[in-house]
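File shown here: query.txt, holding compact mmCIF, C-alpha atoms.
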```
# COMPACT_ATOMS: atom_id res chain seq x y z
CA MET Q 776 18.40 12.02 22.29
CA MET Q 777 16.50 12.09 19.01
CA THR Q 778 13.01 10.65 18.72
CA LEU Q 779 11.78 9.15 15.47
CA TYR Q 780 8.02 9.07 15.01
CA ASP Q 781 7.46 6.37 12.44
CA TYR Q 782 5.26 3.62 11.12
CA PHE Q 783 7.02 0.34 10.48
CA ARG Q 784 5.80 -0.06 6.88
CA SER Q 785 6.30 3.55 5.83
CA THR Q 786 8.94 3.69 3.11
CA ALA Q 787 9.85 7.24 4.16
CA ALA Q 788 10.39 6.17 7.76
CA TYR Q 789 12.31 3.11 6.54
CA ARG Q 790 14.90 5.29 4.79
CA VAL Q 791 15.34 7.47 7.87
CA ARG Q 792 15.93 4.36 10.00
CA ILE Q 793 18.57 3.18 7.52
CA THR Q 794 20.34 6.54 7.73
CA LEU Q 795 20.28 6.64 11.53
CA ASN Q 796 21.69 3.12 11.62
CA LEU Q 797 24.41 3.83 9.06
CA LYS Q 798 25.52 6.84 11.08
CA GLY Q 799 25.45 4.89 14.34
CA LEU Q 800 23.23 7.52 15.93
CA ASP Q 801 21.32 6.91 19.14
CA TYR Q 802 17.58 7.48 18.88
CA GLN Q 803 14.34 6.27 20.34
CA GLN Q 804 11.31 5.21 18.34
CA ALA Q 805 7.78 6.44 18.89
CA PRO Q 806 5.51 4.31 16.68
CA VAL Q 807 2.55 6.01 15.01
CA ASN Q 808 0.05 3.40 13.82
CA LEU Q 809 -1.47 4.75 10.62
CA LEU Q 810 -4.01 1.95 10.32
CA LYS Q 811 -5.41 2.94 13.73
CA GLY Q 812 -5.51 6.61 12.74
CA GLU Q 813 -2.90 7.67 15.28
CA ASP Q 814 -1.50 10.12 12.73
CA HIS Q 815 -4.74 12.09 13.22
CA GLY Q 816 -4.54 11.96 17.00
CA THR Q 817 -4.20 15.06 19.13
CA ASP Q 818 -0.90 13.95 20.70
CA TYR Q 819 0.88 13.35 17.41
CA ARG Q 820 -0.58 16.43 15.71
CA ALA Q 821 0.80 18.47 18.62
CA VAL Q 822 4.28 17.24 17.61
CA ASN Q 823 3.76 17.30 13.86
CA PRO Q 824 0.72 19.26 12.58
CA GLN Q 825 1.11 17.73 9.11
CA GLY Q 826 0.44 14.32 10.63
CA LEU Q 827 2.62 12.40 8.18
CA VAL Q 828 5.46 10.09 9.17
CA PRO Q 829 8.32 10.23 9.70
CA ALA Q 830 9.03 13.13 12.00
CA LEU Q 831 12.30 13.45 13.88
CA THR Q 832 12.64 15.56 17.00
CA VAL Q 833 16.07 17.01 17.69
CA ASP Q 834 16.19 18.96 20.94
CA LYS Q 835 13.13 21.23 20.56
CA ALA Q 836 13.05 21.17 16.77
CA VAL Q 837 10.86 18.89 14.68
CA LEU Q 838 12.05 17.79 11.25
CA GLN Q 839 9.66 16.45 8.61
CA GLN Q 840 10.17 14.97 5.13
CA SER Q 841 12.54 12.03 4.92
CA LEU Q 842 15.03 13.33 2.36
CA ALA Q 843 15.54 16.54 4.34
CA ILE Q 844 16.01 14.48 7.51
CA CYS Q 845 18.55 12.19 5.83
CA GLU Q 846 20.56 15.13 4.50
CA TYR Q 847 20.51 16.80 7.92
CA LEU Q 848 21.83 13.60 9.51
CA ASP Q 849 24.54 13.44 6.85
CA GLU Q 850 25.64 16.97 7.71
CA VAL Q 851 25.77 16.51 11.47
CA GLU Q 852 27.41 13.07 11.24
CA PRO Q 853 29.48 13.08 8.03
CA GLU Q 854 30.80 9.51 8.30
CA PRO Q 855 30.06 7.50 6.30
CA PRO Q 856 29.15 10.17 3.72
CA LEU Q 857 25.90 9.72 1.80
CA LEU Q 858 26.79 12.33 -0.79
CA PRO Q 859 30.17 12.73 -2.56
CA GLY Q 860 32.30 15.85 -2.60
CA ASP Q 861 31.88 16.44 -6.32
CA PRO Q 862 28.94 18.84 -7.00
CA LEU Q 863 27.87 17.08 -10.20
CA GLN Q 864 27.80 13.67 -8.53
CA ARG Q 865 25.92 15.13 -5.56
CA ALA Q 866 23.29 16.50 -7.94
CA GLN Q 867 22.99 13.16 -9.71
CA ILE Q 868 22.49 11.29 -6.46
CA ARG Q 869 19.99 13.82 -5.12
CA ALA Q 870 18.06 13.64 -8.39
CA LEU Q 871 17.91 9.85 -8.36
CA ALA Q 872 16.93 9.81 -4.68
CA GLN Q 873 14.08 12.23 -5.39
CA MET Q 874 12.94 10.23 -8.41
CA VAL Q 875 12.79 7.05 -6.36
CA ALA Q 876 11.17 8.69 -3.32
CA CYS Q 877 8.75 10.98 -5.12
CA ASP Q 878 7.86 9.30 -8.42
CA ILE Q 879 6.95 5.97 -6.84
CA HIS Q 880 6.04 6.72 -3.24
CA PRO Q 881 3.16 9.27 -3.24
CA VAL Q 882 0.62 6.95 -4.82
CA ASN Q 883 1.09 4.54 -1.92
CA ASN Q 884 -0.19 6.72 0.92
CA LEU Q 885 -3.29 6.50 3.03
CA ARG Q 886 -4.84 9.74 1.78
CA ILE Q 887 -4.95 8.46 -1.79
CA LEU Q 888 -6.08 5.02 -0.70
CA LYS Q 889 -8.93 6.53 1.30
CA TYR Q 890 -10.07 8.43 -1.77
CA LEU Q 891 -9.74 5.39 -4.03
CA THR Q 892 -11.63 2.99 -1.79
CA GLY Q 893 -14.11 5.59 -0.50
CA GLU Q 894 -15.07 8.18 -3.10
CA LEU Q 895 -14.16 6.06 -6.13
CA GLY Q 896 -15.21 2.67 -4.76
CA VAL Q 897 -12.08 0.88 -5.97
CA SER Q 898 -11.97 -2.83 -5.06
CA GLU Q 899 -9.06 -4.55 -3.30
CA ALA Q 900 -8.02 -6.22 -6.56
CA GLN Q 901 -8.08 -2.90 -8.40
CA LYS Q 902 -6.12 -1.28 -5.58
CA LEU Q 903 -3.41 -3.93 -5.91
CA ASN Q 904 -3.23 -3.28 -9.65
CA TRP Q 905 -2.91 0.44 -8.89
CA TYR Q 906 0.07 -0.25 -6.65
CA ARG Q 907 1.77 -2.49 -9.17
CA HIS Q 908 1.19 -0.13 -12.08
CA TRP Q 909 2.81 2.89 -10.44
CA ILE Q 910 5.73 1.02 -8.92
CA ASP Q 911 6.36 -0.54 -12.32
CA GLU Q 912 6.11 2.87 -14.01
CA GLY Q 913 8.68 4.24 -11.58
CA PHE Q 914 11.07 1.30 -11.72
CA ARG Q 915 11.47 1.20 -15.51
CA PRO Q 916 13.40 4.48 -15.90
CA ILE Q 917 15.30 3.87 -12.66
CA GLU Q 918 16.59 0.56 -14.05
CA GLN Q 919 17.81 2.33 -17.19
CA ILE Q 920 19.60 4.98 -15.15
CA LEU Q 921 21.28 2.36 -12.95
CA GLU Q 922 22.52 0.49 -16.00
CA LYS Q 923 24.61 3.60 -16.73
CA THR Q 924 25.58 4.78 -13.24
CA ALA Q 925 26.44 1.36 -11.79
CA PRO Q 926 26.57 -1.35 -14.47
CA ASP Q 927 28.75 -3.59 -12.28
CA GLY Q 928 28.97 -1.88 -8.90
CA PRO Q 929 27.06 -3.13 -5.87
CA PHE Q 930 25.31 0.20 -5.24
CA CYS Q 931 23.56 2.92 -7.24
CA PHE Q 932 26.77 4.86 -7.82
CA GLY Q 933 29.49 2.26 -7.48
CA GLU Q 934 31.24 1.02 -4.37
CA ARG Q 935 29.65 3.15 -1.64
CA VAL Q 936 26.15 3.49 -0.21
CA THR Q 937 24.56 6.82 -1.05
CA LEU Q 938 21.25 8.55 -0.45
CA ALA Q 939 19.98 6.93 -3.66
CA ASP Q 940 20.43 3.41 -2.25
CA ILE Q 941 18.71 4.43 0.98
CA CYS Q 942 15.68 5.51 -1.06
CA LEU Q 943 15.70 2.52 -3.40
CA VAL Q 944 15.62 -0.35 -0.89
CA PRO Q 945 12.30 0.62 0.78
CA GLN Q 946 10.61 0.86 -2.61
CA VAL Q 947 11.77 -2.65 -3.50
CA TYR Q 948 10.27 -3.77 -0.18
CA ASN Q 949 6.93 -2.33 -1.32
CA ALA Q 950 7.27 -3.95 -4.73
CA ARG Q 951 7.73 -7.32 -3.05
CA ARG Q 952 4.75 -6.70 -0.75
CA PHE Q 953 2.55 -6.11 -3.78
CA GLU Q 954 3.99 -9.08 -5.69
CA LEU Q 955 5.39 -7.04 -8.56
CA ASP Q 956 7.42 -9.06 -11.07
CA LEU Q 957 10.99 -7.86 -10.49
CA ASN Q 958 12.61 -9.90 -13.27
CA PRO Q 959 12.75 -6.88 -15.62
CA TYR Q 960 14.84 -5.02 -12.99
CA PRO Q 961 18.05 -6.98 -12.37
CA ARG Q 962 20.13 -3.92 -11.42
CA ILE Q 963 17.55 -2.77 -8.89
CA VAL Q 964 17.37 -6.24 -7.34
CA THR Q 965 21.16 -6.64 -7.26
CA ILE Q 966 21.59 -3.32 -5.47
CA GLU Q 967 18.84 -4.15 -3.00
CA GLN Q 968 20.45 -7.50 -2.18
CA HIS Q 969 23.87 -5.91 -1.63
CA CYS Q 970 22.36 -3.28 0.64
CA LEU Q 971 20.57 -5.88 2.75
CA THR Q 972 23.89 -7.54 3.57
CA LEU Q 973 24.68 -4.43 5.62
CA ASP Q 974 23.51 -4.47 9.22
CA ALA Q 975 22.15 -0.90 9.04
CA PHE Q 976 19.74 -1.89 6.28
CA GLU Q 977 18.79 -5.22 7.85
CA ARG Q 978 17.96 -3.67 11.25
CA ALA Q 979 15.84 -0.98 9.55
CA LYS Q 980 13.59 -3.51 7.75
CA PRO Q 981 9.90 -3.13 8.60
CA ASP Q 982 9.62 -6.69 9.92
CA ASN Q 983 12.37 -5.94 12.44
CA GLN Q 984 10.60 -2.97 14.04
CA PRO Q 985 9.00 -3.12 17.50
CA ASP Q 986 5.52 -2.21 16.24
CA ALA Q 987 5.55 -4.79 13.44
CA HIS Q 988 4.16 -7.57 15.64
```
Go ahead and express the file in the form of structure tokens.
Amino acid sequence: MMTLYDYFRSTAAYRVRITLNLKGLDYQQAPVNLLKGEDHGTDYRAVNPQGLVPALTVDKAVLQQSLAICEYLDEVEPEPPLLPGDPLQRAQIRALAQMVACDIHPVNNLRILKYLTGELGVSEAQKLNWYRHWIDEGFRPIEQILEKTAPDGPFCFGERVTLADICLVPQVYNARRFELDLNPYPRIVTIEQHCLTLDAFERAKPDNQPDAH
């Protein structure tokens, strides 16, 4: 049995949940409440010294970093595949997944927020503008890429869910949380809506997690 240490709103944990669901893998959840500082607690640090979520335990091993976890799950359970057989297409999908996960996500973590609101004295309104600015900055080039890779297809690279879609949907969730205007990003929104028709994506949504209430 695998154990996923996650926080329901974490975009990184969200994409791991999607992957586990797509693969039909059995796992148990161990919520780590970041707002209560449980990521700094002795028990969780004993599992994952880095303290970030998600972490996935497999037997006695602990895996960190969501993209590495998703690729591991794709290797051990190859159906449905998240990466194609063609090396060039694999590289394209990995690159887009990293752009979505890394260019947009890091500015939305608690370490940066603590510095903004503590050391820099940023107000709540300014913090919201910070969120919107960086999500918007990340979405603009992604929209242009998707216009080329999937002008008509339901997913980032055509007719099949890939690692890129798994990364994209959680970031759209954050964009909606922070009331970003998504009208300039019709391809992103279309792909998100197609993904959410799939049970694996729907069950992984933050609002559907046991620690969300």
Practice task
Write out as a ChimeraX atom specification the residues lying within 12 Å of Leu838 of chain Q, counting all atoms listed in the file and excluding same-chain residues fewer than 4 positions away.
Solution key: /Q:777-780,791,822-825,827-834,842-848
Handout entry: Computed interatomic separation between atom CA of Glu912 of chain Q and atom CA of Phe783 of chain Q (Å)
Key = 24.6 Å
Problem - d(atom CA of Pro981 of chain Q, atom CA of Glu894 of chain Q) in Å - result: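 Separation of atom CA of Pro981 of chain Q and atom CA of Glu894 of chain Q: 29.8 Å.
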Give me, as a PDB file with C-alpha atoms, in the coordinates of the input, all polymer residues having an atom no more than 9 Å from Tyr948 of chain Q, counting all atoms listed in the file and skipping those fewer than 5 positions away in the same chain.
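What follows is the written file around_26.pdb:
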```pdb
ATOM      1  CA  THR Q 786       8.940   3.690   3.110  1.00  0.00           C
ATOM      2  CA  LEU Q 943      15.700   2.520  -3.400  1.00  0.00           C
ATOM      3  CA  PHE Q 953       2.550  -6.110  -3.780  1.00  0.00           C
ATOM      4  CA  LYS Q 980      13.590  -3.510   7.750  1.00  0.00           C
ATOM      5  CA  PRO Q 981       9.900  -3.130   8.600  1.00  0.00           C
TER       6      PRO Q 981
END
```
Handout entry: Which residue of Q:Leu973, Q:Ala805, Q:Ala872, Q:Ala836 approaches Cys931 of chain Q most closely, using all atoms listed in the file
Key =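 Closest to Cys931 of chain Q of all the choices is Q:Ala872.
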Taking only residues of segment 929-986 of chain Q that have an atom at most 10 Å from an atom of segment 859-871 of chain Q, what is each one's shortest atom pair and its distance in Å to one decimal, using all atoms listed in the file, in chain and number order, as CSV?
```
residue,atom,partner,partner_atom,distance
Q:Cys931,CA,Q:Ile868,CA,8.5
Q:Phe932,CA,Q:Ile868,CA,7.8
Q:Arg935,CA,Q:Pro859,CA,9.6
Q:Thr937,CA,Q:Ile868,CA,7.3
Q:Leu938,CA,Q:Ile868,CA,6.7
Q:Ala939,CA,Q:Ile868,CA,5.8
Q:Asp940,CA,Q:Ile868,CA,9.2
Q:Cys942,CA,Q:Leu871,CA,8.8
Q:Leu943,CA,Q:Leu871,CA,9.1
```
How about saving the chosen residues, C-alpha atoms kept, as a PDB file, keeping the file's coordinate frame?
```pdb
ATOM      1  CA  CYS Q 931      23.560   2.920  -7.240  1.00  0.00           C
ATOM      2  CA  PHE Q 932      26.770   4.860  -7.820  1.00  0.00           C
ATOM      3  CA  ARG Q 935      29.650   3.150  -1.640  1.00  0.00           C
ATOM      4  CA  THR Q 937      24.560   6.820  -1.050  1.00  0.00           C
ATOM      5  CA  LEU Q 938      21.250   8.550  -0.450  1.00  0.00           C
ATOM      6  CA  ALA Q 939      19.980   6.930  -3.660  1.00  0.00           C
ATOM      7  CA  ASP Q 940      20.430   3.410  -2.250  1.00  0.00           C
ATOM      8  CA  CYS Q 942      15.680   5.510  -1.060  1.00  0.00           C
ATOM      9  CA  LEU Q 943      15.700   2.520  -3.400  1.00  0.00           C
TER      10      LEU Q 943
END
```
Handout entry: Shortest interatomic distance to Asn796 of chain Q - which of Q:Arg784, Q:Trp909, Q:Glu852, Q:Asn949, counting all atoms listed in the file
Key =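 Checking each of Q:Arg784, Q:Trp909, Q:Glu852, Q:Asn949 against Asn796 of chain Q, counting all atoms listed in the file, the winner is Q:Glu852.
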Practice task
Counting only C-alpha atoms, find the residues whose atoms lie at most 12 Å from (28.3, -0.9, -0.9) (file coordinates) and write them out as JSON, numbers by chain.
Solution key: {"Q": [797, 855, 857, 925, 927, 928, 929, 930, 931, 932, 933, 934, 935, 936, 937, 938, 939, 940, 941, 965, 966, 967, 968, 969, 970, 971, 972, 973, 974, 975, 976]}
Exercise for the section: Work out how far atom CA of Asp986 of chain Q is from atom CA of Lys811 of chain Q, in Å to one decimal. Expected result: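 Pair atom CA of Lys811 of chain Q / atom CA of Asp986 of chain Q returns 12.3 Å.
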Exercise for the section: Using all atoms listed in the file, pick whichever of Q:Ile963, Q:Leu809, Q:Met776, Q:Cys877 has the shortest atom-to-atom distance to Glu922 of chain Q. Expected result: Q:Ile963
Fill-in result for segment 894-911 of chain Q, N, CA, C and O atoms as a short mmCIF file (atom, residue, chain, number, x, y, z; two decimals), in the frame of the given file:
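Here's the written file result_10.cif:
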```cif
data_model
loop_
_atom_site.label_atom_id
_atom_site.label_comp_id
_atom_site.auth_asym_id
_atom_site.auth_seq_id
_atom_site.Cartn_x
_atom_site.Cartn_y
_atom_site.Cartn_z
N GLU Q 894 -14.37 7.40 -2.09
CA GLU Q 894 -15.07 8.18 -3.10
C GLU Q 894 -15.20 7.44 -4.42
O GLU Q 894 -16.22 7.52 -5.10
N LEU Q 895 -14.15 6.71 -4.82
CA LEU Q 895 -14.16 6.06 -6.13
C LEU Q 895 -14.61 4.60 -6.09
O LEU Q 895 -14.84 4.00 -7.13
N GLY Q 896 -14.71 4.03 -4.88
CA GLY Q 896 -15.21 2.67 -4.76
C GLY Q 896 -14.33 1.62 -5.39
O GLY Q 896 -14.82 0.61 -5.92
N VAL Q 897 -13.02 1.82 -5.36
CA VAL Q 897 -12.08 0.88 -5.97
C VAL Q 897 -12.00 -0.39 -5.12
O VAL Q 897 -11.90 -0.33 -3.89
N SER Q 898 -12.03 -1.55 -5.76
CA SER Q 898 -11.97 -2.83 -5.06
C SER Q 898 -10.54 -3.13 -4.62
O SER Q 898 -9.58 -2.48 -5.05
N GLU Q 899 -10.39 -4.14 -3.77
CA GLU Q 899 -9.06 -4.55 -3.30
C GLU Q 899 -8.20 -5.01 -4.47
O GLU Q 899 -7.00 -4.71 -4.52
N ALA Q 900 -8.78 -5.75 -5.41
CA ALA Q 900 -8.02 -6.22 -6.56
C ALA Q 900 -7.56 -5.05 -7.43
O ALA Q 900 -6.42 -5.01 -7.91
N GLN Q 901 -8.45 -4.08 -7.62
CA GLN Q 901 -8.08 -2.90 -8.40
C GLN Q 901 -7.02 -2.08 -7.69
O GLN Q 901 -6.12 -1.51 -8.32
N LYS Q 902 -7.12 -2.02 -6.36
CA LYS Q 902 -6.12 -1.28 -5.58
C LYS Q 902 -4.75 -1.91 -5.74
O LYS Q 902 -3.75 -1.20 -5.89
N LEU Q 903 -4.67 -3.24 -5.73
CA LEU Q 903 -3.41 -3.93 -5.91
C LEU Q 903 -2.84 -3.64 -7.29
O LEU Q 903 -1.63 -3.41 -7.45
N ASN Q 904 -3.69 -3.61 -8.30
CA ASN Q 904 -3.23 -3.28 -9.65
C ASN Q 904 -2.71 -1.85 -9.71
O ASN Q 904 -1.75 -1.55 -10.44
N TRP Q 905 -3.36 -0.96 -8.98
CA TRP Q 905 -2.91 0.44 -8.89
C TRP Q 905 -1.50 0.51 -8.34
O TRP Q 905 -0.63 1.18 -8.89
N TYR Q 906 -1.27 -0.20 -7.24
CA TYR Q 906 0.07 -0.25 -6.65
C TYR Q 906 1.10 -0.74 -7.67
O TYR Q 906 2.14 -0.11 -7.89
N ARG Q 907 0.80 -1.88 -8.26
CA ARG Q 907 1.77 -2.49 -9.17
C ARG Q 907 2.07 -1.60 -10.36
O ARG Q 907 3.21 -1.47 -10.80
N HIS Q 908 1.01 -0.98 -10.90
CA HIS Q 908 1.19 -0.13 -12.08
C HIS Q 908 2.17 1.00 -11.79
O HIS Q 908 3.11 1.23 -12.57
N TRP Q 909 1.99 1.71 -10.67
CA TRP Q 909 2.81 2.89 -10.44
C TRP Q 909 4.22 2.55 -9.98
O TRP Q 909 5.17 3.27 -10.30
N ILE Q 910 4.38 1.45 -9.25
CA ILE Q 910 5.73 1.02 -8.92
C ILE Q 910 6.47 0.61 -10.19
O ILE Q 910 7.63 0.97 -10.40
N ASP Q 911 5.77 -0.13 -11.05
CA ASP Q 911 6.36 -0.54 -12.32
C ASP Q 911 6.73 0.66 -13.18
O ASP Q 911 7.82 0.72 -13.76
#
```
